[in-house]
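Below is the file model_4.cif, which contains mmCIF, C-alpha atoms.
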```
data_run
#
loop_
_atom_site.label_atom_id
_atom_site.label_comp_id
_atom_site.auth_asym_id
_atom_site.auth_seq_id
_atom_site.Cartn_x
_atom_site.Cartn_y
_atom_site.Cartn_z
CA MET A 1 0.00 0.00 0.00
CA SER A 2 1.51 3.29 -1.00
CA SER A 3 -0.67 5.62 1.05
CA ALA A 4 -1.24 5.60 4.80
CA LEU A 5 -4.49 7.57 4.40
CA LEU A 6 -5.78 5.00 1.92
CA GLU A 7 -4.88 2.19 4.28
CA GLN A 8 -6.67 4.01 7.10
CA LEU A 9 -9.75 4.47 4.89
CA ILE A 10 -9.85 0.75 4.00
CA GLU A 11 -9.56 -0.14 7.68
CA ALA A 12 -12.35 2.32 8.53
CA PHE A 13 -14.73 0.79 5.97
CA ARG A 14 -14.47 -2.55 7.78
CA VAL A 15 -16.62 -1.16 10.57
CA LEU A 16 -19.62 -1.61 8.27
CA PRO A 17 -21.60 -4.86 8.56
CA GLY A 18 -20.68 -7.52 6.00
CA VAL A 19 -17.64 -5.61 4.77
CA GLY A 20 -14.37 -7.55 4.83
CA GLN A 21 -10.90 -6.63 3.59
CA LYS A 22 -11.70 -7.11 -0.12
CA SER A 23 -14.95 -5.14 -0.10
CA ALA A 24 -13.35 -2.39 1.96
CA GLN A 25 -10.56 -2.09 -0.64
CA ARG A 26 -13.08 -1.98 -3.44
CA MET A 27 -15.08 0.72 -1.68
CA ALA A 28 -12.03 2.88 -0.98
CA TYR A 29 -10.76 2.61 -4.56
CA HIS A 30 -14.21 3.24 -5.98
CA VAL A 31 -14.69 6.40 -3.94
CA LEU A 32 -11.24 7.78 -4.77
CA GLU A 33 -11.36 6.85 -8.46
CA ARG A 34 -14.90 7.74 -9.35
CA GLU A 35 -16.96 9.12 -6.51
CA ARG A 36 -15.11 11.78 -4.57
CA ALA A 37 -18.21 14.00 -4.43
CA GLY A 38 -20.36 11.10 -3.23
CA GLY A 39 -17.69 10.11 -0.73
CA GLN A 40 -17.66 13.63 0.66
CA ARG A 41 -21.45 13.51 0.99
CA LEU A 42 -21.16 10.20 2.84
CA SER A 43 -18.53 11.64 5.17
CA ASN A 44 -20.76 14.62 5.99
CA ALA A 45 -23.93 12.52 6.33
CA LEU A 46 -22.14 10.17 8.76
CA ALA A 47 -20.80 12.98 10.90
CA GLU A 48 -24.14 14.79 11.00
CA ALA A 49 -26.20 11.68 11.75
CA ILE A 50 -23.82 10.56 14.48
CA GLU A 51 -23.93 13.98 16.09
CA HIS A 52 -27.64 14.75 15.78
CA VAL A 53 -29.59 11.49 15.58
CA GLY A 54 -30.69 10.35 19.03
CA HIS A 55 -33.81 8.54 20.19
CA CYS A 56 -37.41 9.71 20.24
CA SER A 57 -38.55 10.17 23.85
CA ARG A 58 -41.94 8.56 23.06
CA CYS A 59 -41.11 5.52 20.91
CA ARG A 60 -37.29 5.18 21.29
CA ASP A 61 -36.85 5.01 17.49
CA PHE A 62 -34.04 7.03 15.92
CA SER A 63 -34.95 10.69 15.74
CA GLU A 64 -33.16 13.98 15.43
CA THR A 65 -35.93 15.73 17.36
CA GLU A 66 -37.16 15.17 20.95
CA VAL A 67 -40.30 13.49 19.59
CA CYS A 68 -40.12 11.80 16.17
CA ALA A 69 -42.33 12.73 13.21
CA THR A 70 -44.43 9.56 13.51
CA CYS A 71 -45.17 10.07 17.22
CA ALA A 72 -45.94 13.75 16.62
CA SER A 73 -48.25 13.06 13.67
CA ALA A 74 -51.96 13.66 14.22
CA ALA A 75 -52.70 11.34 11.27
CA ARG A 76 -51.62 8.21 13.16
CA ASP A 77 -54.07 6.13 15.19
CA ALA A 78 -52.99 6.48 18.83
CA HIS A 79 -55.19 3.56 19.89
CA LEU A 80 -52.81 1.09 18.26
CA LEU A 81 -49.26 0.57 19.49
CA CYS A 82 -46.85 -1.86 17.83
CA ALA A 83 -43.79 -3.04 19.79
CA VAL A 84 -40.76 -4.04 17.70
CA GLU A 85 -37.20 -5.01 18.60
CA SER A 86 -35.31 -2.64 16.33
CA PRO A 87 -35.68 0.43 14.08
CA ALA A 88 -35.11 -1.89 11.08
CA ASP A 89 -38.11 -4.01 12.12
CA ARG A 90 -40.19 -0.86 12.50
CA LEU A 91 -39.18 0.27 9.00
CA ALA A 92 -39.98 -3.17 7.53
CA ILE A 93 -43.51 -3.06 8.98
CA GLU A 94 -44.01 0.55 7.91
CA GLN A 95 -42.95 -0.25 4.33
CA ALA A 96 -44.77 -3.58 3.94
CA THR A 97 -48.08 -3.01 5.71
CA GLY A 98 -50.68 -0.28 5.72
CA TYR A 99 -50.32 0.11 9.51
CA ARG A 100 -51.30 3.61 10.64
CA GLY A 101 -50.87 3.27 14.39
CA LEU A 102 -47.84 4.15 16.52
CA TYR A 103 -44.70 2.19 17.41
CA PHE A 104 -42.60 1.38 20.41
CA VAL A 105 -39.01 0.36 19.62
CA LEU A 106 -37.50 -1.83 22.34
CA GLN A 107 -33.95 -1.49 20.97
CA GLY A 108 -33.32 -5.11 21.93
CA ARG A 109 -35.07 -8.05 23.56
CA LEU A 110 -35.15 -9.46 27.09
CA SER A 111 -31.93 -11.35 27.65
CA PRO A 112 -31.12 -11.72 31.35
CA LEU A 113 -27.78 -13.43 30.66
CA ASP A 114 -26.61 -10.33 28.75
CA GLY A 115 -27.95 -8.06 31.48
CA ILE A 116 -30.82 -6.83 29.31
CA GLY A 117 -33.91 -6.57 31.46
CA PRO A 118 -37.15 -4.56 31.35
CA ARG A 119 -35.33 -1.36 32.34
CA GLU A 120 -32.89 -1.56 29.38
CA LEU A 121 -35.82 -1.95 26.97
CA GLY A 122 -37.56 1.10 28.40
CA LEU A 123 -40.51 -0.97 29.61
CA ASP A 124 -41.16 1.43 32.50
CA GLY A 125 -41.86 4.07 29.84
CA LEU A 126 -44.08 1.63 27.96
CA ALA A 127 -46.00 0.80 31.16
CA ALA A 128 -46.54 4.52 31.84
CA ARG A 129 -47.79 4.93 28.29
CA LEU A 130 -50.22 2.00 28.54
CA ALA A 131 -51.43 3.47 31.84
CA GLU A 132 -52.40 6.70 30.05
CA GLY A 133 -55.40 4.78 28.72
CA GLU A 134 -55.24 5.87 25.07
CA VAL A 135 -53.74 2.63 23.72
CA GLN A 136 -56.37 -0.10 23.17
CA GLU A 137 -54.29 -2.77 21.43
CA LEU A 138 -50.60 -3.63 21.80
CA ILE A 139 -49.37 -5.43 18.68
CA VAL A 140 -46.36 -7.46 19.78
CA ALA A 141 -44.05 -7.78 16.76
CA THR A 142 -40.89 -9.15 18.37
CA ASN A 143 -38.97 -11.75 16.38
CA PRO A 144 -40.05 -15.42 16.63
CA THR A 145 -36.85 -16.43 18.45
CA VAL A 146 -36.60 -17.83 21.98
CA GLU A 147 -35.73 -14.41 23.42
CA GLY A 148 -38.25 -12.65 21.20
CA GLU A 149 -41.00 -15.01 22.39
CA ALA A 150 -40.04 -14.47 26.04
CA THR A 151 -40.17 -10.71 25.43
CA ALA A 152 -43.56 -11.09 23.72
CA HIS A 153 -44.88 -13.03 26.72
CA TYR A 154 -43.68 -10.31 29.10
CA LEU A 155 -45.20 -7.54 26.96
CA ALA A 156 -48.54 -9.36 26.75
CA GLN A 157 -48.68 -9.58 30.56
CA LEU A 158 -47.79 -5.90 30.86
CA ALA A 159 -50.58 -5.02 28.41
CA ARG A 160 -53.19 -7.07 30.29
CA GLN A 161 -52.17 -5.44 33.60
CA HIS A 162 -53.20 -2.10 32.08
CA GLY A 163 -56.36 -3.39 30.43
CA VAL A 164 -54.82 -3.26 26.95
CA ARG A 165 -55.51 -6.10 24.46
CA PRO A 166 -52.23 -7.77 23.35
CA SER A 167 -51.95 -9.33 19.87
CA ARG A 168 -49.16 -11.18 18.06
CA LEU A 169 -48.24 -11.39 14.36
CA ALA A 170 -49.41 -14.60 12.66
CA HIS A 171 -46.72 -17.24 12.14
CA GLY A 172 -46.77 -19.91 9.45
CA VAL A 173 -45.68 -20.80 5.96
CA PRO A 174 -44.47 -17.65 4.12
CA LEU A 175 -46.50 -16.65 1.05
CA GLY A 176 -44.82 -18.03 -2.06
CA GLY A 177 -42.86 -20.49 0.06
CA GLU A 178 -42.78 -24.20 -0.78
CA LEU A 179 -43.59 -26.63 2.02
CA GLU A 180 -40.60 -28.74 1.05
CA TYR A 181 -38.21 -25.91 1.94
CA VAL A 182 -39.94 -24.46 5.00
CA ASP A 183 -38.07 -25.23 8.24
CA ARG A 184 -39.59 -27.90 10.49
CA GLY A 185 -40.42 -25.56 13.36
CA THR A 186 -42.42 -23.24 11.12
CA LEU A 187 -44.16 -26.11 9.36
CA SER A 188 -45.08 -27.79 12.63
CA HIS A 189 -46.45 -24.48 13.98
CA ALA A 190 -48.39 -23.82 10.76
CA PHE A 191 -49.85 -27.34 10.86
CA GLY A 192 -50.95 -26.99 14.47
CA SER A 193 -52.43 -23.54 13.86
CA ARG A 194 -54.36 -24.54 10.74
CA SER A 195 -57.68 -22.73 10.28
CA GLU A 196 -60.93 -23.91 8.75
CA MET A 197 -61.48 -22.89 5.13
CA GLY A 198 -64.52 -20.73 4.47
CA MET B 1 -38.61 7.04 8.03
CA SER B 2 -38.72 9.26 11.06
CA SER B 3 -35.44 11.14 10.57
CA ALA B 4 -34.32 13.17 7.59
CA LEU B 5 -30.65 12.83 8.58
CA LEU B 6 -31.01 9.05 8.74
CA GLU B 7 -32.66 9.03 5.33
CA GLN B 8 -29.83 11.18 3.98
CA LEU B 9 -27.25 8.80 5.48
CA ILE B 10 -28.91 5.75 3.89
CA GLU B 11 -28.96 7.52 0.53
CA ALA B 12 -25.28 8.48 0.93
CA PHE B 13 -24.25 4.86 1.61
CA ARG B 14 -25.63 3.87 -1.77
CA VAL B 15 -22.67 5.58 -3.45
CA LEU B 16 -20.58 2.55 -2.41
CA PRO B 17 -20.18 -0.27 -4.95
CA GLY B 18 -22.54 -3.20 -4.44
CA VAL B 19 -24.62 -1.38 -1.85
CA GLY B 20 -28.36 -1.21 -2.56
CA GLN B 21 -31.23 0.15 -0.48
CA LYS B 22 -31.32 -2.78 1.96
CA SER B 23 -27.58 -2.88 2.64
CA ALA B 24 -27.49 0.90 2.98
CA GLN B 25 -30.22 0.71 5.62
CA ARG B 26 -28.40 -2.03 7.46
CA MET B 27 -25.17 -0.01 7.42
CA ALA B 28 -26.84 3.16 8.69
CA TYR B 29 -28.66 1.33 11.50
CA HIS B 30 -25.55 -0.61 12.43
CA VAL B 31 -23.44 2.53 12.72
CA LEU B 32 -26.04 4.43 14.75
CA GLU B 33 -26.92 1.51 17.02
CA ARG B 34 -23.55 0.01 17.69
CA GLU B 35 -20.66 1.77 16.01
CA ARG B 36 -20.85 5.53 16.44
CA ALA B 37 -17.11 5.75 17.18
CA GLY B 38 -16.26 3.62 14.14
CA GLY B 39 -18.65 5.66 12.03
CA GLN B 40 -16.94 8.86 13.12
CA ARG B 41 -13.57 7.34 12.18
CA LEU B 42 -14.97 6.40 8.77
CA SER B 43 -16.31 9.92 8.27
CA ASN B 44 -12.92 11.42 9.10
CA ALA B 45 -10.95 8.90 7.03
CA LEU B 46 -13.16 9.59 4.00
CA ALA B 47 -12.79 13.36 4.29
CA GLU B 48 -9.02 13.16 4.78
CA ALA B 49 -8.42 10.67 1.96
CA ILE B 50 -10.59 12.64 -0.46
CA GLU B 51 -8.75 15.84 0.38
CA HIS B 52 -5.19 14.56 0.48
CA VAL B 53 -4.88 11.43 -1.68
CA GLY B 54 -3.86 12.32 -5.22
CA HIS B 55 -1.70 10.50 -7.74
CA CYS B 56 2.02 9.74 -7.66
CA SER B 57 3.77 11.76 -10.36
CA ARG B 58 5.94 8.75 -11.28
CA CYS B 59 3.56 5.77 -11.31
CA ARG B 60 0.10 7.42 -11.21
CA ASP B 61 -0.96 5.19 -8.31
CA PHE B 62 -2.81 6.77 -5.39
CA SER B 63 -0.46 8.70 -3.17
CA GLU B 64 -0.66 11.46 -0.62
CA THR B 65 2.85 12.60 -1.50
CA GLU B 66 4.26 13.90 -4.82
CA VAL B 67 6.12 10.59 -5.32
CA CYS B 68 4.68 7.47 -3.66
CA ALA B 69 6.57 5.32 -1.16
CA THR B 70 7.11 2.49 -3.67
CA CYS B 71 8.58 4.78 -6.36
CA ALA B 72 10.75 6.52 -3.76
CA SER B 73 12.03 3.27 -2.28
CA ALA B 74 15.69 2.39 -2.95
CA ALA B 75 14.88 -1.26 -2.19
CA ARG B 76 12.84 -1.72 -5.40
CA ASP B 77 14.43 -2.89 -8.64
CA ALA B 78 14.17 0.04 -11.07
CA HIS B 79 15.04 -2.22 -14.05
CA LEU B 80 11.60 -3.82 -13.88
CA LEU B 81 8.41 -1.87 -14.59
CA CYS B 82 4.96 -3.47 -14.38
CA ALA B 83 2.06 -1.74 -16.15
CA VAL B 84 -1.40 -2.37 -14.62
CA GLU B 85 -4.83 -0.93 -15.32
CA SER B 86 -5.84 0.07 -11.81
CA PRO B 87 -4.55 0.56 -8.26
CA ALA B 88 -6.52 -2.55 -7.27
CA ASP B 89 -4.61 -4.63 -9.85
CA ARG B 90 -1.34 -3.20 -8.54
CA LEU B 91 -2.29 -4.16 -5.01
CA ALA B 92 -3.30 -7.68 -6.09
CA ILE B 93 0.11 -8.24 -7.71
CA GLU B 94 1.95 -6.72 -4.76
CA GLN B 95 0.12 -8.98 -2.32
CA ALA B 96 0.23 -12.22 -4.34
CA THR B 97 3.70 -12.18 -5.89
CA GLY B 98 7.19 -11.48 -4.65
CA TYR B 99 7.62 -8.76 -7.29
CA ARG B 100 10.18 -6.17 -6.19
CA GLY B 101 10.21 -3.90 -9.25
CA LEU B 102 8.26 -0.71 -9.86
CA TYR B 103 4.76 -0.10 -11.22
CA PHE B 104 3.00 2.10 -13.71
CA VAL B 105 -0.73 2.49 -13.13
CA LEU B 106 -2.61 3.35 -16.33
CA GLN B 107 -5.84 4.25 -14.49
CA GLY B 108 -7.78 2.72 -17.36
CA ARG B 109 -7.25 1.02 -20.73
CA LEU B 110 -7.26 2.20 -24.32
CA SER B 111 -10.85 2.68 -25.38
CA PRO B 112 -11.15 5.05 -28.34
CA LEU B 113 -14.97 4.93 -28.29
CA ASP B 114 -14.96 6.32 -24.74
CA GLY B 115 -12.36 8.93 -25.69
CA ILE B 116 -9.62 7.17 -23.73
CA GLY B 117 -6.41 7.34 -25.74
CA PRO B 118 -2.68 7.19 -24.94
CA ARG B 119 -2.76 10.70 -23.46
CA GLU B 120 -5.48 9.82 -20.91
CA LEU B 121 -3.41 6.82 -19.75
CA GLY B 122 -0.31 8.98 -19.28
CA LEU B 123 1.60 7.06 -21.96
CA ASP B 124 3.64 10.16 -22.85
CA GLY B 125 4.98 9.99 -19.30
CA LEU B 126 5.59 6.25 -19.66
CA ALA B 127 7.46 6.82 -22.96
CA ALA B 128 9.64 9.47 -21.33
CA ARG B 129 10.37 7.04 -18.51
CA LEU B 130 11.29 4.19 -20.87
CA ALA B 131 13.53 6.66 -22.76
CA GLU B 132 15.49 7.29 -19.55
CA GLY B 133 17.14 3.93 -20.18
CA GLU B 134 16.90 2.48 -16.67
CA VAL B 135 13.96 0.16 -17.35
CA GLN B 136 15.00 -3.13 -19.00
CA GLU B 137 11.73 -5.07 -18.94
CA LEU B 138 8.15 -3.83 -19.16
CA ILE B 139 5.79 -6.40 -17.63
CA VAL B 140 2.41 -5.78 -19.24
CA ALA B 141 -0.25 -6.86 -16.72
CA THR B 142 -3.39 -5.41 -18.28
CA ASN B 143 -6.54 -7.52 -18.02
CA PRO B 144 -7.13 -10.27 -20.62
CA THR B 145 -10.12 -8.44 -22.12
CA VAL B 146 -10.40 -7.10 -25.68
CA GLU B 147 -9.47 -3.59 -24.59
CA GLY B 148 -6.82 -4.85 -22.20
CA GLU B 149 -5.22 -6.88 -25.00
CA ALA B 150 -5.25 -3.86 -27.34
CA THR B 151 -3.62 -1.81 -24.61
CA ALA B 152 -1.04 -4.57 -24.06
CA HIS B 153 -0.24 -4.59 -27.78
CA TYR B 154 0.24 -0.81 -27.78
CA LEU B 155 2.46 -0.93 -24.67
CA ALA B 156 4.60 -3.71 -26.15
CA GLN B 157 5.24 -1.59 -29.26
CA LEU B 158 6.08 1.42 -27.11
CA ALA B 159 8.56 -0.68 -25.13
CA ARG B 160 10.27 -2.03 -28.26
CA GLN B 161 10.60 1.51 -29.66
CA HIS B 162 12.70 2.36 -26.60
CA GLY B 163 14.71 -0.85 -26.64
CA VAL B 164 12.85 -2.26 -23.61
CA ARG B 165 11.83 -5.96 -23.51
CA PRO B 166 8.03 -6.32 -23.13
CA SER B 167 6.56 -9.36 -21.36
CA ARG B 168 3.02 -10.51 -20.61
CA LEU B 169 1.52 -12.52 -17.74
CA ALA B 170 0.90 -16.18 -18.58
CA HIS B 171 -2.71 -17.08 -19.36
CA GLY B 172 -4.25 -20.48 -18.91
CA VAL B 173 -6.16 -22.73 -16.56
CA PRO B 174 -6.16 -21.25 -13.02
CA LEU B 175 -4.44 -23.35 -10.37
CA GLY B 176 -7.01 -25.42 -8.52
CA GLY B 177 -9.48 -24.89 -11.36
CA GLU B 178 -11.28 -27.82 -12.93
CA LEU B 179 -11.16 -28.12 -16.73
CA GLU B 180 -14.89 -28.80 -16.76
CA TYR B 181 -15.65 -25.36 -15.37
CA VAL B 182 -13.01 -23.27 -17.16
CA ASP B 183 -14.49 -21.01 -19.85
CA ARG B 184 -13.93 -22.08 -23.46
CA GLY B 185 -11.69 -19.15 -24.43
CA THR B 186 -9.30 -19.83 -21.58
CA LEU B 187 -9.29 -23.58 -22.21
CA SER B 188 -8.65 -23.10 -25.92
CA HIS B 189 -5.80 -20.68 -25.16
CA ALA B 190 -4.30 -23.01 -22.56
CA PHE B 191 -4.51 -25.94 -24.98
CA GLY B 192 -2.81 -24.00 -27.78
CA SER B 193 -0.10 -22.70 -25.43
CA ARG B 194 0.70 -26.08 -23.88
CA SER B 195 4.33 -26.63 -22.93
CA GLU B 196 6.45 -29.74 -22.94
CA MET B 197 6.79 -31.48 -19.60
CA GLY B 198 10.30 -31.77 -18.22
#
```
In structure tokens, write the structure found in this file.
Amino acid sequence: MSSALLEQLIEAFRVLPGVGQKSAQRMAYHVLERERAGGQRLSNALAEAIEHVGHCSRCRDFSETEVCATCASAARDAHLLCAVESPADRLAIEQATGYRGLYFVLQGRLSPLDGIGPRELGLDGLAARLAEGEVQELIVATNPTVEGEATAHYLAQLARQHGVRPSRLAHGVPLGGELEYVDRGTLSHAFGSRSEMG
Amino acid sequence: MSSALLEQLIEAFRVLPGVGQKSAQRMAYHVLERERAGGQRLSNALAEAIEHVGHCSRCRDFSETEVCATCASAARDAHLLCAVESPADRLAIEQATGYRGLYFVLQGRLSPLDGIGPRELGLDGLAARLAEGEVQELIVATNPTVEGEATAHYLAQLARQHGVRPSRLAHGVPLGGELEYVDRGTLSHAFGSRSEMG
């Protein structure tokens, strides 16, 4: 390598998920050869986002304001609250469904062994919010993993304590999936949860 | 999306090669959730490299100094010059082989239709260098594509004009490759260029 700055840039790219030595090299060369303007924009966008993007005080999603645009919007249905593990999950639901309610982003899942309990997930804030009485249904959209299920169970109890109806996303065979390739756990669950055809 | 800065960051990540909307999202979330320090380093490294990394006046490779470390090194054999298309090719050769000569980075290949001629590849500079008389062998390591071959042909002529011996990397079946899966052009070339076994 003939440039220490270039070497430093390649090393810095490796902080990104899924980027190893080869991809980092390719990115650094690409930016310097063909995309200096875009690289400068990326540098600025990173610095600005890191400095200004914090968490919404209502839903804990990323936000550069005290309360995020979704929570502040009068167009959203405040009777529905959807709890998700991460901002990426929230975005996936927002993009795929027509959901018009509000969100609560846990920023993790219950994991006692890692020291992640109700306090780390901001569940005291969630409890206070459920106690306000506006929320009627808590849609629990944690991931269908062991920890996600444990978190879902905890959230459902919390909802019932405050007279809020908990609900859970349906699990089963994905649309367009072939039974042959669906994992056994999912297939077994889908079989057990079969519904009568109209 | 609840944050304009986050949206801007995701958009900015897409300037990187091989990064689409999904990967850009993942990168932005990853940096903000878990790697703010690394993200800040990346931001700084990008800005510094874009501002300070230019091209070596001898070999045209990336360099933050007028003459790069390789060209300035007394430990390299100045009788050997290896012409490559890109800094990435130069790095691949440097890492894979024990080559101790110098390099010349074309930053492209002859492509008249795209307006890339000898001047754009700095071949006047290369000619002047060959005329100095120090270089004895020009190793032409352009890619085995149509344009790369045309460039190689041009470089070989240039070398001969200055009494320098041109050479070309061997082409054939890759080590560890299976004949069954080698493309027909390569196989045909390897068959025609077979050598007697000792």
Quick check on the file I pasted: which residues fall under the PyMOL selection byres ((chain B) within 8 of (chain A))? Write them as a PyMOL selection string. chain B and resi 1-6+8-9+12-13+15-17+25-27+29-32+35-36+38-50+53+61-64+68-70+87-88+91
Print the selection's residues with C-alpha atoms to a file, as a PDB file, in the coordinates of the input.
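The result, written out as out03.pdb:
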```pdb
ATOM      1  CA  MET B   1     -38.610   7.040   8.030  1.00  0.00           C
ATOM      2  CA  SER B   2     -38.720   9.260  11.060  1.00  0.00           C
ATOM      3  CA  SER B   3     -35.440  11.140  10.570  1.00  0.00           C
ATOM      4  CA  ALA B   4     -34.320  13.170   7.590  1.00  0.00           C
ATOM      5  CA  LEU B   5     -30.650  12.830   8.580  1.00  0.00           C
ATOM      6  CA  LEU B   6     -31.010   9.050   8.740  1.00  0.00           C
ATOM      7  CA  GLN B   8     -29.830  11.180   3.980  1.00  0.00           C
ATOM      8  CA  LEU B   9     -27.250   8.800   5.480  1.00  0.00           C
ATOM      9  CA  ALA B  12     -25.280   8.480   0.930  1.00  0.00           C
ATOM     10  CA  PHE B  13     -24.250   4.860   1.610  1.00  0.00           C
ATOM     11  CA  VAL B  15     -22.670   5.580  -3.450  1.00  0.00           C
ATOM     12  CA  LEU B  16     -20.580   2.550  -2.410  1.00  0.00           C
ATOM     13  CA  PRO B  17     -20.180  -0.270  -4.950  1.00  0.00           C
ATOM     14  CA  GLN B  25     -30.220   0.710   5.620  1.00  0.00           C
ATOM     15  CA  ARG B  26     -28.400  -2.030   7.460  1.00  0.00           C
ATOM     16  CA  MET B  27     -25.170  -0.010   7.420  1.00  0.00           C
ATOM     17  CA  TYR B  29     -28.660   1.330  11.500  1.00  0.00           C
ATOM     18  CA  HIS B  30     -25.550  -0.610  12.430  1.00  0.00           C
ATOM     19  CA  VAL B  31     -23.440   2.530  12.720  1.00  0.00           C
ATOM     20  CA  LEU B  32     -26.040   4.430  14.750  1.00  0.00           C
ATOM     21  CA  GLU B  35     -20.660   1.770  16.010  1.00  0.00           C
ATOM     22  CA  ARG B  36     -20.850   5.530  16.440  1.00  0.00           C
ATOM     23  CA  GLY B  38     -16.260   3.620  14.140  1.00  0.00           C
ATOM     24  CA  GLY B  39     -18.650   5.660  12.030  1.00  0.00           C
ATOM     25  CA  GLN B  40     -16.940   8.860  13.120  1.00  0.00           C
ATOM     26  CA  ARG B  41     -13.570   7.340  12.180  1.00  0.00           C
ATOM     27  CA  LEU B  42     -14.970   6.400   8.770  1.00  0.00           C
ATOM     28  CA  SER B  43     -16.310   9.920   8.270  1.00  0.00           C
ATOM     29  CA  ASN B  44     -12.920  11.420   9.100  1.00  0.00           C
ATOM     30  CA  ALA B  45     -10.950   8.900   7.030  1.00  0.00           C
ATOM     31  CA  LEU B  46     -13.160   9.590   4.000  1.00  0.00           C
ATOM     32  CA  ALA B  47     -12.790  13.360   4.290  1.00  0.00           C
ATOM     33  CA  GLU B  48      -9.020  13.160   4.780  1.00  0.00           C
ATOM     34  CA  ALA B  49      -8.420  10.670   1.960  1.00  0.00           C
ATOM     35  CA  ILE B  50     -10.590  12.640  -0.460  1.00  0.00           C
ATOM     36  CA  VAL B  53      -4.880  11.430  -1.680  1.00  0.00           C
ATOM     37  CA  ASP B  61      -0.960   5.190  -8.310  1.00  0.00           C
ATOM     38  CA  PHE B  62      -2.810   6.770  -5.390  1.00  0.00           C
ATOM     39  CA  SER B  63      -0.460   8.700  -3.170  1.00  0.00           C
ATOM     40  CA  GLU B  64      -0.660  11.460  -0.620  1.00  0.00           C
ATOM     41  CA  CYS B  68       4.680   7.470  -3.660  1.00  0.00           C
ATOM     42  CA  ALA B  69       6.570   5.320  -1.160  1.00  0.00           C
ATOM     43  CA  THR B  70       7.110   2.490  -3.670  1.00  0.00           C
ATOM     44  CA  PRO B  87      -4.550   0.560  -8.260  1.00  0.00           C
ATOM     45  CA  ALA B  88      -6.520  -2.550  -7.270  1.00  0.00           C
ATOM     46  CA  LEU B  91      -2.290  -4.160  -5.010  1.00  0.00           C
TER      47      LEU B  91
END
```
Using the chain letters and residue numbers of this document, give as a ChimeraX atom specification the residues selected by the PyMOL selection byres ((chain B and resi 141-147) around 12). /B:81-90,92-93,103-114,116-117,138-140,148-156,166-172,185-186,189
Residue nearest B:Arg129 among B:Arg100, B:Ala78, B:Ser73, B:Val173 (counting only C-alpha atoms):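 Comparing B:Arg100, B:Ala78, B:Ser73, B:Val173 against B:Arg129, the winner is B:Ala78.
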Residues within 10 Å of A:Ala131, only C-alpha atoms, excluding chain neighbours under 2 positions, as a list in words: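 Once the adjacent positions are removed, what remains is Gly125, Leu126, Ala127, Ala128, Arg129, Gly133, Glu134, Val135, Ala159, Gln161, His162, Gly163 and Val164 of chain A.
Separating atom CA of A:Thr97 from atom CA of A:Arg58 is a distance of 21.7 Å.
Atom CA of B:Asp77 is positioned 10.9 Å from atom CA of B:Glu137.
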Interatomic distance between atom CA of A:Gly115 and atom CA of A:Leu130?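 Value for the atom CA of A:Gly115-atom CA of A:Leu130 distance: 24.6 Å.
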What does stretch 145-153 of chain A look like written to a file with N, CA, C and O atoms, as a CSV table (one decimal), in the first residue's frame?
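result.csv was written with the following content:
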```csv
chain,number,residue,atom,x,y,z
A,145,THR,N,-38.0,-15.7,17.9
A,145,THR,CA,-36.9,-16.4,18.5
A,145,THR,C,-37.2,-16.7,19.9
A,145,THR,O,-38.2,-16.3,20.4
A,146,VAL,N,-36.3,-17.5,20.6
A,146,VAL,CA,-36.6,-17.8,22.0
A,146,VAL,C,-36.7,-16.6,22.8
A,146,VAL,O,-37.7,-16.3,23.5
A,147,GLU,N,-35.7,-15.6,22.6
A,147,GLU,CA,-35.7,-14.4,23.4
A,147,GLU,C,-36.9,-13.5,23.0
A,147,GLU,O,-37.5,-12.8,23.8
A,148,GLY,N,-37.1,-13.5,21.7
A,148,GLY,CA,-38.3,-12.7,21.2
A,148,GLY,C,-39.6,-13.1,21.8
A,148,GLY,O,-40.4,-12.3,22.1
A,149,GLU,N,-39.8,-14.4,21.9
A,149,GLU,CA,-41.0,-15.0,22.4
A,149,GLU,C,-41.1,-14.7,23.9
A,149,GLU,O,-42.2,-14.4,24.4
A,150,ALA,N,-40.0,-14.8,24.6
A,150,ALA,CA,-40.0,-14.5,26.0
A,150,ALA,C,-40.4,-13.0,26.2
A,150,ALA,O,-41.2,-12.7,27.1
A,151,THR,N,-39.9,-12.1,25.4
A,151,THR,CA,-40.2,-10.7,25.4
A,151,THR,C,-41.6,-10.5,25.1
A,151,THR,O,-42.3,-9.7,25.8
A,152,ALA,N,-42.2,-11.2,24.1
A,152,ALA,CA,-43.6,-11.1,23.7
A,152,ALA,C,-44.5,-11.5,24.9
A,152,ALA,O,-45.5,-10.8,25.2
A,153,HIS,N,-44.1,-12.6,25.6
A,153,HIS,CA,-44.9,-13.0,26.7
A,153,HIS,C,-44.9,-11.9,27.8
A,153,HIS,O,-46.0,-11.6,28.3
```
